[in-house]
file start.cif (mmCIF, C-alpha atoms)
data_target
loop_
_atom_site.group_PDB
_atom_site.id
_atom_site.type_symbol
_atom_site.label_atom_id
_atom_site.label_comp_id
_atom_site.auth_asym_id
_atom_site.auth_seq_id
_atom_site.Cartn_x
_atom_site.Cartn_y
_atom_site.Cartn_z
ATOM 1 C CA ILE A 1 -1.705 -58.831 -3.670
ATOM 2 C CA PRO A 2 -5.249 -59.511 -4.925
ATOM 3 C CA ASP A 3 -5.492 -61.643 -8.056
ATOM 4 C CA PRO A 4 -6.540 -59.262 -10.889
ATOM 5 C CA ARG A 5 -8.405 -62.090 -12.632
ATOM 6 C CA HIS A 6 -11.087 -62.030 -9.978
ATOM 7 C CA GLY A 7 -13.118 -58.848 -9.943
ATOM 8 C CA ALA A 8 -14.409 -59.472 -6.425
ATOM 9 C CA ALA A 9 -10.917 -59.623 -4.918
ATOM 10 C CA ARG A 10 -10.478 -57.324 -1.922
ATOM 11 C CA HIS A 11 -8.074 -54.425 -2.367
ATOM 12 C CA ALA A 12 -5.572 -53.899 0.446
ATOM 13 C CA ASP A 13 -4.832 -50.353 1.565
ATOM 14 C CA GLY A 14 -1.093 -49.818 1.483
ATOM 15 C CA VAL A 15 -0.556 -52.728 -0.911
ATOM 16 C CA ASP A 16 -2.307 -52.057 -4.209
ATOM 17 C CA GLU A 17 -3.999 -48.825 -3.057
ATOM 18 C CA VAL A 18 -2.902 -45.889 -0.922
ATOM 19 C CA SER A 19 -5.754 -43.985 0.678
ATOM 20 C CA ALA A 20 -5.820 -40.506 2.197
ATOM 21 C CA THR A 21 -6.652 -42.117 5.547
ATOM 22 C CA LEU A 22 -3.562 -44.309 5.401
ATOM 23 C CA MET A 23 -1.278 -41.391 4.421
ATOM 24 C CA ALA A 24 -2.658 -39.225 7.229
ATOM 25 C CA ASP A 25 -1.779 -41.979 9.694
ATOM 26 C CA VAL A 26 1.676 -42.691 8.232
ATOM 27 C CA LEU A 27 2.617 -38.992 8.079
ATOM 28 C CA GLY A 28 1.206 -38.223 11.513
ATOM 29 C CA LEU A 29 -1.225 -35.561 10.280
ATOM 30 C CA ASP A 30 -3.136 -35.352 13.551
ATOM 31 C CA ASN A 31 -4.704 -31.964 12.745
ATOM 32 C CA LEU A 32 -6.050 -33.011 9.351
ATOM 33 C CA ARG A 33 -9.195 -30.994 8.575
ATOM 34 C CA TRP A 34 -10.179 -32.435 5.235
ATOM 35 C CA ALA A 35 -9.147 -35.259 2.918
ATOM 36 C CA ILE A 36 -10.386 -36.832 -0.300
ATOM 37 C CA ASP A 37 -9.370 -39.768 -2.474
ATOM 38 C CA LEU A 38 -9.498 -39.114 -6.202
ATOM 39 C CA HIS A 39 -9.294 -42.669 -7.448
ATOM 40 C CA HIS A 40 -8.634 -43.184 -11.178
ATOM 41 C CA ASN A 41 -8.084 -39.459 -11.754
ATOM 42 C CA MET A 42 -5.107 -37.720 -13.295
ATOM 43 C CA ALA A 43 -2.809 -35.645 -11.087
ATOM 44 C CA THR A 44 -4.318 -32.384 -12.287
ATOM 45 C CA ALA A 45 -7.583 -33.306 -10.539
ATOM 46 C CA LEU A 46 -5.641 -33.442 -7.265
ATOM 47 C CA LEU A 47 -4.157 -29.998 -7.841
ATOM 48 C CA VAL A 48 -7.435 -28.352 -8.827
ATOM 49 C CA THR A 49 -9.320 -29.909 -5.896
ATOM 50 C CA ALA A 50 -6.648 -28.707 -3.460
ATOM 51 C CA ALA A 51 -6.754 -25.216 -4.962
ATOM 52 C CA GLN A 52 -10.524 -25.088 -4.536
ATOM 53 C CA ALA A 53 -10.208 -26.174 -0.886
ATOM 54 C CA LEU A 54 -7.695 -23.379 -0.244
ATOM 55 C CA LEU A 55 -9.891 -20.813 -1.978
ATOM 56 C CA ALA A 56 -12.876 -21.938 0.102
ATOM 57 C CA GLY A 57 -10.901 -21.598 3.329
ATOM 58 C CA THR A 58 -11.333 -25.267 4.178
ATOM 59 C CA CYS A 59 -7.632 -25.534 4.996
ATOM 60 C CA GLU A 60 -4.442 -23.471 5.164
ATOM 61 C CA TYR A 61 -2.161 -26.051 3.567
ATOM 62 C CA ALA A 62 -2.999 -28.821 1.125
ATOM 63 C CA LEU A 63 -0.889 -31.904 0.449
ATOM 64 C CA ILE A 64 -1.404 -33.773 -2.818
ATOM 65 C CA LEU A 65 0.162 -37.171 -3.379
ATOM 66 C CA ARG A 66 0.383 -39.665 -6.205
ATOM 67 C CA ALA A 67 1.869 -43.079 -5.456
ATOM 68 C CA VAL A 68 2.273 -45.711 -8.171
ATOM 69 C CA TYR A 69 3.156 -49.355 -7.624
ATOM 70 C CA ASN A 70 4.393 -51.316 -10.599
ATOM 71 C CA PRO A 71 4.710 -55.006 -9.676
ATOM 72 C CA PRO A 72 7.897 -56.632 -11.015
ATOM 73 C CA ARG A 73 6.088 -59.172 -13.152
ATOM 74 C CA GLY A 74 3.995 -59.477 -16.283
ATOM 75 C CA ARG A 75 4.166 -57.557 -19.551
ATOM 76 C CA TYR A 76 3.491 -53.907 -20.252
ATOM 77 C CA ALA A 77 -0.274 -53.236 -20.331
ATOM 78 C CA ALA A 78 -1.029 -56.977 -20.284
ATOM 79 C CA SER A 79 -4.581 -57.868 -19.249
ATOM 80 C CA PRO A 80 -4.997 -61.293 -17.608
ATOM 81 C CA ALA A 81 -8.796 -60.931 -17.600
ATOM 82 C CA LEU A 82 -10.661 -63.827 -19.153
ATOM 83 C CA ALA A 83 -13.760 -61.721 -19.823
ATOM 84 C CA ALA A 84 -14.555 -58.075 -20.547
ATOM 85 C CA ALA A 85 -17.637 -55.945 -20.075
ATOM 86 C CA GLY A 86 -18.859 -52.644 -21.468
ATOM 87 C CA PRO A 87 -16.975 -51.154 -24.421
ATOM 88 C CA GLU A 88 -13.929 -53.340 -23.662
ATOM 89 C CA GLN A 89 -15.782 -56.466 -24.829
ATOM 90 C CA PHE A 90 -15.575 -55.064 -28.359
ATOM 91 C CA LEU A 91 -12.048 -53.633 -28.069
ATOM 92 C CA LEU A 92 -9.788 -55.916 -26.011
ATOM 93 C CA PRO A 93 -10.127 -58.995 -28.270
ATOM 94 C CA TYR A 94 -8.451 -56.920 -30.998
ATOM 95 C CA GLY A 95 -5.710 -55.477 -28.781
ATOM 96 C CA PHE A 96 -7.394 -52.094 -28.706
ATOM 97 C CA GLY A 97 -6.763 -51.527 -25.001
ATOM 98 C CA PRO A 98 -4.279 -49.911 -22.616
ATOM 99 C CA GLY A 99 -1.241 -50.731 -24.748
ATOM 100 C CA GLY A 100 -1.763 -47.724 -26.991
ATOM 101 C CA GLY A 101 -3.693 -49.320 -29.845
ATOM 102 C CA ARG A 102 -6.044 -46.384 -30.294
ATOM 103 C CA PHE A 103 -3.177 -43.897 -30.363
ATOM 104 C CA ALA A 104 -1.427 -46.088 -32.901
ATOM 105 C CA GLN A 105 -4.532 -45.891 -35.102
ATOM 106 C CA TRP A 106 -4.643 -42.112 -34.702
ATOM 107 C CA LEU A 107 -0.947 -42.003 -35.581
ATOM 108 C CA GLN A 108 -1.437 -44.140 -38.693
ATOM 109 C CA ARG A 109 -4.030 -41.704 -40.016
ATOM 110 C CA TYR A 110 -1.980 -38.650 -38.992
ATOM 111 C CA MET A 111 1.077 -39.950 -40.812
ATOM 112 C CA TRP A 112 -0.981 -40.719 -43.926
ATOM 113 C CA GLU A 113 -2.609 -37.268 -43.946
ATOM 114 C CA THR A 114 0.474 -35.168 -43.140
ATOM 115 C CA GLY A 115 3.425 -37.123 -44.514
ATOM 116 C CA ALA A 116 4.951 -37.492 -41.045
ATOM 117 C CA ASN A 117 7.239 -40.495 -40.661
ATOM 118 C CA ARG A 118 8.878 -42.487 -37.875
ATOM 119 C CA GLU A 119 12.051 -40.409 -38.146
ATOM 120 C CA ALA A 120 9.942 -37.409 -37.111
ATOM 121 C CA LEU A 121 8.329 -39.377 -34.278
ATOM 122 C CA PHE A 122 11.803 -40.357 -33.104
ATOM 123 C CA GLU A 123 12.451 -36.727 -32.187
ATOM 124 C CA ILE A 124 9.923 -36.992 -29.346
ATOM 125 C CA ALA A 125 11.484 -40.171 -27.940
ATOM 126 C CA ARG A 126 14.992 -38.769 -28.442
ATOM 127 C CA ALA A 127 14.147 -35.540 -26.601
ATOM 128 C CA ALA A 128 12.546 -37.464 -23.733
ATOM 129 C CA ARG A 129 15.694 -39.562 -23.248
ATOM 130 C CA SER A 130 17.984 -36.554 -23.648
ATOM 131 C CA ASN A 131 16.075 -34.438 -21.121
ATOM 132 C CA ALA A 132 15.984 -37.369 -18.706
ATOM 133 C CA GLN A 133 19.796 -37.239 -18.562
ATOM 134 C CA ARG A 134 19.423 -33.863 -16.786
ATOM 135 C CA ASN A 135 16.921 -35.247 -14.274
ATOM 136 C CA PRO A 136 18.455 -37.371 -11.482
ATOM 137 C CA LEU A 137 15.001 -38.759 -10.635
ATOM 138 C CA ALA A 138 14.413 -40.172 -14.110
ATOM 139 C CA ILE A 139 14.519 -43.911 -14.711
ATOM 140 C CA TRP A 140 16.581 -43.282 -17.889
ATOM 141 C CA ALA A 141 19.065 -40.954 -16.147
ATOM 142 C CA GLY A 142 22.593 -42.138 -16.869
ATOM 143 C CA ALA A 143 21.460 -44.473 -19.645
ATOM 144 C CA GLY A 144 22.811 -42.256 -22.399
ATOM 145 C CA GLU A 145 21.180 -40.877 -25.520
ATOM 146 C CA LEU A 146 18.745 -42.782 -27.725
ATOM 147 C CA THR A 147 19.968 -43.200 -31.307
ATOM 148 C CA LEU A 148 17.856 -43.372 -34.433
ATOM 149 C CA ASP A 149 19.186 -46.891 -35.134
ATOM 150 C CA ASP A 150 18.137 -48.024 -31.644
ATOM 151 C CA TYR A 151 14.693 -46.567 -32.211
ATOM 152 C CA LEU A 152 14.062 -47.941 -35.690
ATOM 153 C CA SER A 153 15.316 -51.428 -34.818
ATOM 154 C CA SER A 154 13.313 -51.777 -31.585
ATOM 155 C CA ARG A 155 10.306 -54.068 -31.286
ATOM 156 C CA TRP A 156 6.776 -53.035 -32.093
ATOM 157 C CA VAL A 157 4.202 -52.502 -29.377
ATOM 158 C CA SER A 158 1.397 -51.317 -31.641
ATOM 159 C CA GLU A 159 2.601 -50.405 -35.134
ATOM 160 C CA PRO A 160 3.719 -47.726 -35.938
ATOM 161 C CA MET A 161 4.600 -47.263 -32.226
ATOM 162 C CA CYS A 162 7.611 -49.105 -30.874
ATOM 163 C CA VAL A 163 8.642 -49.770 -27.289
ATOM 164 C CA TYR A 164 10.350 -46.350 -27.026
ATOM 165 C CA ASP A 165 7.047 -44.642 -27.851
ATOM 166 C CA CYS A 166 5.501 -45.948 -24.607
ATOM 167 C CA ASP A 167 5.922 -44.476 -21.146
ATOM 168 C CA MET A 168 7.992 -46.279 -18.529
ATOM 169 C CA PRO A 169 6.111 -48.059 -15.708
ATOM 170 C CA VAL A 170 7.783 -47.240 -12.381
ATOM 171 C CA THR A 171 7.210 -47.628 -8.672
ATOM 172 C CA SER A 172 7.412 -44.157 -7.250
ATOM 173 C CA ALA A 173 5.582 -41.301 -5.532
ATOM 174 C CA VAL A 174 5.458 -37.522 -5.798
ATOM 175 C CA ALA A 175 3.972 -35.061 -3.295
ATOM 176 C CA MET A 176 3.351 -31.315 -3.477
ATOM 177 C CA VAL A 177 2.265 -28.815 -0.814
ATOM 178 C CA LEU A 178 0.014 -25.888 -1.687
ATOM 179 C CA THR A 179 -0.948 -22.818 0.341
ATOM 180 C CA ASN A 180 -2.236 -19.319 -0.385
ATOM 181 C CA GLY A 181 -0.119 -16.655 -2.060
ATOM 182 C CA ASP A 182 0.586 -14.511 1.001
ATOM 183 C CA ARG A 183 1.732 -17.466 3.063
ATOM 184 C CA ALA A 184 3.830 -18.789 0.165
ATOM 185 C CA ARG A 185 5.776 -15.520 -0.009
ATOM 186 C CA GLU A 186 6.620 -15.857 3.693
ATOM 187 C CA LEU A 187 7.852 -19.432 3.310
ATOM 188 C CA ARG A 188 10.221 -19.132 0.368
ATOM 189 C CA PRO A 189 11.664 -16.342 -1.774
ATOM 190 C CA ASN A 190 10.467 -17.584 -5.157
ATOM 191 C CA PRO A 191 7.266 -19.659 -5.003
ATOM 192 C CA ALA A 192 5.302 -20.786 -8.020
ATOM 193 C CA TYR A 193 1.804 -19.348 -8.281
ATOM 194 C CA LEU A 194 -1.107 -21.256 -9.776
ATOM 195 C CA ALA A 195 -2.318 -18.734 -12.330
ATOM 196 C CA GLY A 196 -5.255 -20.717 -13.716
ATOM 197 C CA TYR A 197 -6.693 -24.068 -14.688
ATOM 198 C CA ALA A 198 -9.239 -25.409 -17.160
ATOM 199 C CA ASN A 199 -10.751 -28.730 -18.154
ATOM 200 C CA GLY A 200 -10.760 -30.337 -21.560
ATOM 201 C CA SER A 201 -13.983 -28.972 -23.001
ATOM 202 C CA ASP A 202 -12.052 -26.076 -24.576
ATOM 203 C CA PRO A 203 -8.254 -26.503 -24.857
ATOM 204 C CA GLY A 204 -7.709 -22.759 -25.243
ATOM 205 C CA ARG A 205 -9.646 -21.872 -22.099
ATOM 206 C CA ILE A 206 -6.508 -22.152 -19.968
ATOM 207 C CA PHE A 207 -5.062 -18.983 -21.493
ATOM 208 C CA ALA A 208 -8.165 -16.960 -20.599
ATOM 209 C CA SER A 209 -8.321 -18.564 -17.143
ATOM 210 C CA ALA A 210 -4.695 -17.693 -16.380
ATOM 211 C CA GLY A 211 -4.778 -14.294 -18.107
ATOM 212 C CA ILE A 212 -1.668 -15.351 -20.021
ATOM 213 C CA ALA A 213 -1.486 -15.324 -23.807
ATOM 214 C CA ARG A 214 -0.517 -18.507 -25.633
ATOM 215 C CA GLU A 215 2.510 -16.694 -27.066
ATOM 216 C CA ALA A 216 3.708 -15.852 -23.531
ATOM 217 C CA VAL A 217 4.094 -19.503 -22.456
ATOM 218 C CA ASP A 218 7.784 -20.201 -21.880
ATOM 219 C CA VAL A 219 7.792 -23.959 -21.251
ATOM 220 C CA ALA A 220 5.222 -26.770 -21.500
ATOM 221 C CA GLN A 221 4.915 -30.175 -19.875
ATOM 222 C CA LEU A 222 2.620 -32.164 -22.181
ATOM 223 C CA TYR A 223 1.345 -35.568 -21.093
ATOM 224 C CA ASP A 224 3.136 -38.257 -23.052
ATOM 225 C CA GLY A 225 1.785 -41.649 -22.098
ATOM 226 C CA PHE A 226 2.590 -42.395 -25.749
ATOM 227 C CA SER A 227 4.859 -40.257 -27.904
ATOM 228 C CA PRO A 228 2.253 -39.156 -30.512
ATOM 229 C CA MET A 229 0.284 -37.500 -27.697
ATOM 230 C CA VAL A 230 2.851 -34.676 -27.767
ATOM 231 C CA TRP A 231 1.787 -33.885 -31.341
ATOM 232 C CA ILE A 232 -1.865 -34.000 -30.276
ATOM 233 C CA TRP A 233 -1.318 -31.446 -27.485
ATOM 234 C CA LEU A 234 0.833 -29.095 -29.559
ATOM 235 C CA GLU A 235 -1.941 -28.836 -32.128
ATOM 236 C CA ARG A 236 -4.923 -28.833 -29.776
ATOM 237 C CA MET A 237 -3.391 -26.143 -27.571
ATOM 238 C CA GLY A 238 -2.723 -24.033 -30.645
ATOM 239 C CA PHE A 239 1.081 -23.912 -30.519
ATOM 240 C CA CYS A 240 1.102 -24.924 -34.171
ATOM 241 C CA GLY A 241 -1.460 -25.553 -36.875
ATOM 242 C CA VAL A 242 -3.341 -28.788 -37.454
ATOM 243 C CA GLY A 243 -1.039 -31.263 -39.185
ATOM 244 C CA GLU A 244 2.079 -29.201 -38.368
ATOM 245 C CA ALA A 245 3.212 -30.684 -35.031
ATOM 246 C CA HIS A 246 5.563 -33.217 -36.652
ATOM 247 C CA ARG A 247 7.439 -30.362 -38.335
ATOM 248 C CA PHE A 248 7.381 -28.295 -35.118
ATOM 249 C CA THR A 249 9.245 -31.013 -33.213
ATOM 250 C CA SER A 250 11.479 -32.073 -36.135
ATOM 251 C CA GLU A 251 12.707 -28.500 -36.527
ATOM 252 C CA GLY A 252 13.784 -28.436 -32.863
ATOM 253 C CA HIS A 253 11.219 -25.952 -31.555
ATOM 254 C CA ALA A 254 10.320 -28.242 -28.612
ATOM 255 C CA ARG A 255 13.921 -28.808 -27.491
ATOM 256 C CA LEU A 256 15.687 -27.023 -24.642
ATOM 257 C CA GLY A 257 16.612 -23.678 -26.142
ATOM 258 C CA GLY A 258 13.792 -23.937 -28.693
ATOM 259 C CA ARG A 259 10.715 -21.794 -29.125
ATOM 260 C CA LEU A 260 8.691 -23.897 -26.647
ATOM 261 C CA PRO A 261 10.717 -26.439 -24.634
ATOM 262 C CA VAL A 262 8.538 -29.498 -23.961
ATOM 263 C CA ASN A 263 8.824 -32.072 -21.169
ATOM 264 C CA THR A 264 12.086 -30.697 -19.866
ATOM 265 C CA PHE A 265 12.300 -33.425 -17.193
ATOM 266 C CA GLY A 266 11.947 -36.264 -19.694
ATOM 267 C CA GLY A 267 8.196 -36.684 -19.442
ATOM 268 C CA ALA A 268 6.534 -40.018 -18.777
ATOM 269 C CA LEU A 269 8.669 -41.472 -21.588
ATOM 270 C CA GLY A 270 11.927 -40.432 -19.947
ATOM 271 C CA GLU A 271 11.293 -40.088 -16.220
ATOM 272 C CA GLY A 272 8.534 -42.650 -15.729
ATOM 273 C CA ARG A 273 4.758 -42.891 -15.620
ATOM 274 C CA LEU A 274 3.293 -41.026 -12.650
ATOM 275 C CA HIS A 275 -0.018 -40.137 -14.318
ATOM 276 C CA GLY A 276 0.989 -36.513 -14.736
ATOM 277 C CA MET A 277 2.417 -35.810 -11.287
ATOM 278 C CA GLY A 278 5.903 -35.441 -12.734
ATOM 279 C CA HIS A 279 4.554 -32.977 -15.287
ATOM 280 C CA LEU A 280 2.982 -30.845 -12.546
ATOM 281 C CA ARG A 281 6.123 -30.953 -10.427
ATOM 282 C CA GLU A 282 8.311 -29.894 -13.341
ATOM 283 C CA ALA A 283 5.925 -27.105 -14.354
ATOM 284 C CA ALA A 284 6.052 -25.673 -10.827
ATOM 285 C CA LEU A 285 9.823 -26.075 -10.508
ATOM 286 C CA GLN A 286 10.405 -24.336 -13.846
ATOM 287 C CA ALA A 287 8.361 -21.364 -12.604
ATOM 288 C CA MET A 288 10.456 -21.369 -9.401
ATOM 289 C CA GLY A 289 13.719 -21.495 -11.358
ATOM 290 C CA ARG A 290 14.769 -24.672 -9.541
ATOM 291 C CA CYS A 291 15.501 -27.085 -12.421
ATOM 292 C CA GLY A 292 19.281 -26.800 -12.516
ATOM 293 C CA GLU A 293 20.871 -27.545 -15.875
ATOM 294 C CA ARG A 294 17.489 -28.183 -17.508
ATOM 295 C CA GLN A 295 16.111 -24.810 -16.374
ATOM 296 C CA VAL A 296 14.567 -22.724 -19.150
ATOM 297 C CA ALA A 297 16.078 -19.250 -18.852
ATOM 298 C CA GLY A 298 13.513 -16.599 -17.939
ATOM 299 C CA ALA A 299 10.660 -19.103 -17.539
ATOM 300 C CA HIS A 300 7.841 -16.980 -16.091
ATOM 301 C CA HIS A 301 4.838 -18.874 -17.464
ATOM 302 C CA SER A 302 4.854 -22.666 -17.240
ATOM 303 C CA LEU A 303 2.053 -24.841 -18.655
ATOM 304 C CA ALA A 304 1.136 -28.430 -17.845
ATOM 305 C CA VAL A 305 -1.428 -30.462 -19.815
ATOM 306 C CA VAL A 306 -2.295 -33.825 -18.273
ATOM 307 C CA GLY A 307 -4.780 -36.471 -19.345
ATOM 308 C CA ILE A 308 -6.044 -38.051 -22.532
ATOM 309 C CA PRO A 309 -7.632 -36.090 -25.390
ATOM 310 C CA GLU A 310 -11.198 -36.705 -24.228
ATOM 311 C CA ASN A 311 -10.512 -36.086 -20.519
ATOM 312 C CA PHE A 312 -7.761 -33.690 -19.504
ATOM 313 C CA TRP A 313 -6.957 -30.656 -17.402
ATOM 314 C CA SER A 314 -4.477 -27.909 -18.130
ATOM 315 C CA VAL A 315 -2.873 -25.744 -15.450
ATOM 316 C CA MET A 316 -0.642 -22.666 -15.653
ATOM 317 C CA PHE A 317 2.018 -21.661 -13.156
ATOM 318 C CA ARG A 318 3.674 -18.262 -13.071
ATOM 319 C CA SER A 319 6.856 -17.182 -11.357
ATOM 320 C CA ALA A 320 7.010 -14.660 -8.525
ATOM 321 C CA GLY A 321 9.188 -12.384 -10.670
#
call {"tool": "encode", "arguments": {"input": "start.cif", "output": "structure tokens"}}
result
Amino acid sequence: IPDPRHGAARHADGVDEVSATLMADVLGLDNLRWAIDLHHNMATALLVTAAQALLAGTCEYALILRAVYNPPRGRYAASPALAAAGPEQFLLPYGFGPGGGRFAQWLQRYMWETGANREALFEIARAARSNAQRNPLAIWAGAGELTLDDYLSSRWVSEPMCVYDCDMPVTSAVAMVLTNGDRARELRPNPAYLAGYANGSDPGRIFASAGIAREAVDVAQLYDGFSPMVWIWLERMGFCGVGEAHRFTSEGHARLGGRLPVNTFGGALGEGRLHGMGHLREAALQAMGRCGERQVAGAHHSLAVVGIPENFWSVMFRSAG
């Protein structure tokens, strides 16, 4: 594996990267018409690109894949670099990097302005662990529920965020196959349809794109690389007012059986970090009615929001019913 301390180190396909060319060879896709690598993009970019290819008639089926390798060494978000360039030269020396420092600063201000506390933040981590118990693919499946004492006594990562406020690095992969609506109906009785998608310039644009009102959304998979991001999405997508997300989750509205169940598979906090691919998979499965004991009854409209506040995509699935 290339040494990350040396920027000129050669990357090895199939070791620390997985290219479309390699996957085509491994899967035996001899009739492949079109392929693209979307390096350093969230999973939603894969889905939207595949949808555009299908709409353009470039292909009849599109396979999207996200593979993540987490080497069994080092510390979470540790950077062994001895030098930094660009904006990082002003941020990394103060720990303001991939470990969630900027979200911790946002959270500090949010808590000061709204009166939210860590007991309220615990509800997000608790729900992630609880929902993961219903997901056999989750890294926390079978680990039992997270208690408030466990949460409050855990170590800091970036105060006021503790270790349970950070997503779980995993080695895993998720793949999805897309095709057009007519062909989907022939292949299975209850497919999920991609109703619309929108980028982050206007969070509410997804509802106009999908032709589905905000109030008609039945379940939402909201990217949770760090737990306070759930509050950010609830407010930015308009499911509650500014400064009200901590009460929304504390009052149980985001739980299974609540007004808007969130991250029913456990999210990145409970299942593991797949850069949003798990969120897309769960959103589609909820629209198909294929989530077993975590299925939201009557889920016709299923939303996924994946990314970071300044760069994200939202997609809406609808059921065939």
call {"tool": "residues_around", "arguments": {"input": "start.cif", "residues": "A:Ala220", "least_positions_apart": "6", "cutoff": "6 Å", "atoms": "all atoms listed in the file", "output": "JSON, numbers by chain"}}
result
{"A": [262, 302, 303, 304]}
call {"tool": "write_last_selection", "arguments": {"input": "start.cif", "atoms": "C-alpha atoms", "output": "PDB file, in the coordinates of the input"}}
result
ATOM      1  CA  VAL A 262       8.538 -29.498 -23.961  1.00  0.00           C
ATOM      2  CA  SER A 302       4.854 -22.666 -17.240  1.00  0.00           C
ATOM      3  CA  LEU A 303       2.053 -24.841 -18.655  1.00  0.00           C
ATOM      4  CA  ALA A 304       1.136 -28.430 -17.845  1.00  0.00           C
TER       5      ALA A 304
END
call {"tool": "residues_around", "arguments": {"input": "start.cif", "residues": "A:Gly101", "least_positions_apart": "2", "cutoff": "10 Å", "atoms": "only C-alpha atoms", "output": "PyMOL selection string"}}
result
chain A and resi 91-92+94-99+103-107+157-161
call {"tool": "resolve_selection", "arguments": {"input": "start.cif", "expression": "the PyMOL selection byres ((chain A and resi 57-67) around 6)", "output": "PyMOL selection string"}}
result
chain A and resi 50+53-56+68+172-179
call {"tool": "write_last_selection", "arguments": {"input": "start.cif", "atoms": "C-alpha atoms", "output": "compact mmCIF listing (two decimals), in the coordinates of the input"}}
result
# COMPACT_ATOMS: atom_id res chain seq x y z
CA ALA A 50 -6.65 -28.71 -3.46
CA ALA A 53 -10.21 -26.17 -0.89
CA LEU A 54 -7.70 -23.38 -0.24
CA LEU A 55 -9.89 -20.81 -1.98
CA ALA A 56 -12.88 -21.94 0.10
CA VAL A 68 2.27 -45.71 -8.17
CA SER A 172 7.41 -44.16 -7.25
CA ALA A 173 5.58 -41.30 -5.53
CA VAL A 174 5.46 -37.52 -5.80
CA ALA A 175 3.97 -35.06 -3.30
CA MET A 176 3.35 -31.32 -3.48
CA VAL A 177 2.26 -28.82 -0.81
CA LEU A 178 0.01 -25.89 -1.69
CA THR A 179 -0.95 -22.82 0.34
call {"tool": "residues_around", "arguments": {"input": "start.cif", "residues": "A:Asp202", "least_positions_apart": "6", "cutoff": "12 Å", "atoms": "all atoms listed in the file", "output": "ChimeraX atom specification"}}
result
/A:208-209,236-238,309-314
call {"tool": "resolve_selection", "arguments": {"input": "start.cif", "expression": "the PyMOL selection byres ((chain A and resi 14) around 12)", "output": "list in words"}}
result
Ile1, His11, Ala12, Asp13, Val15, Asp16, Glu17, Val18, Ser19, Ala20, Thr21, Leu22, Met23, Asp25, Val26, Ala67, Val68 and Tyr69 of chain A
call {"tool": "axis_aligned_box", "arguments": {"input": "start.cif", "around": "stretch 107-122 of chain A", "padding_each_side": "4 Å", "output": "lines of an AutoDock Vina configuration file"}}
result
center_x = 4.0
center_y = -39.7
center_z = -38.8
size_x = 24.1
size_y = 17.0
size_z = 19.4
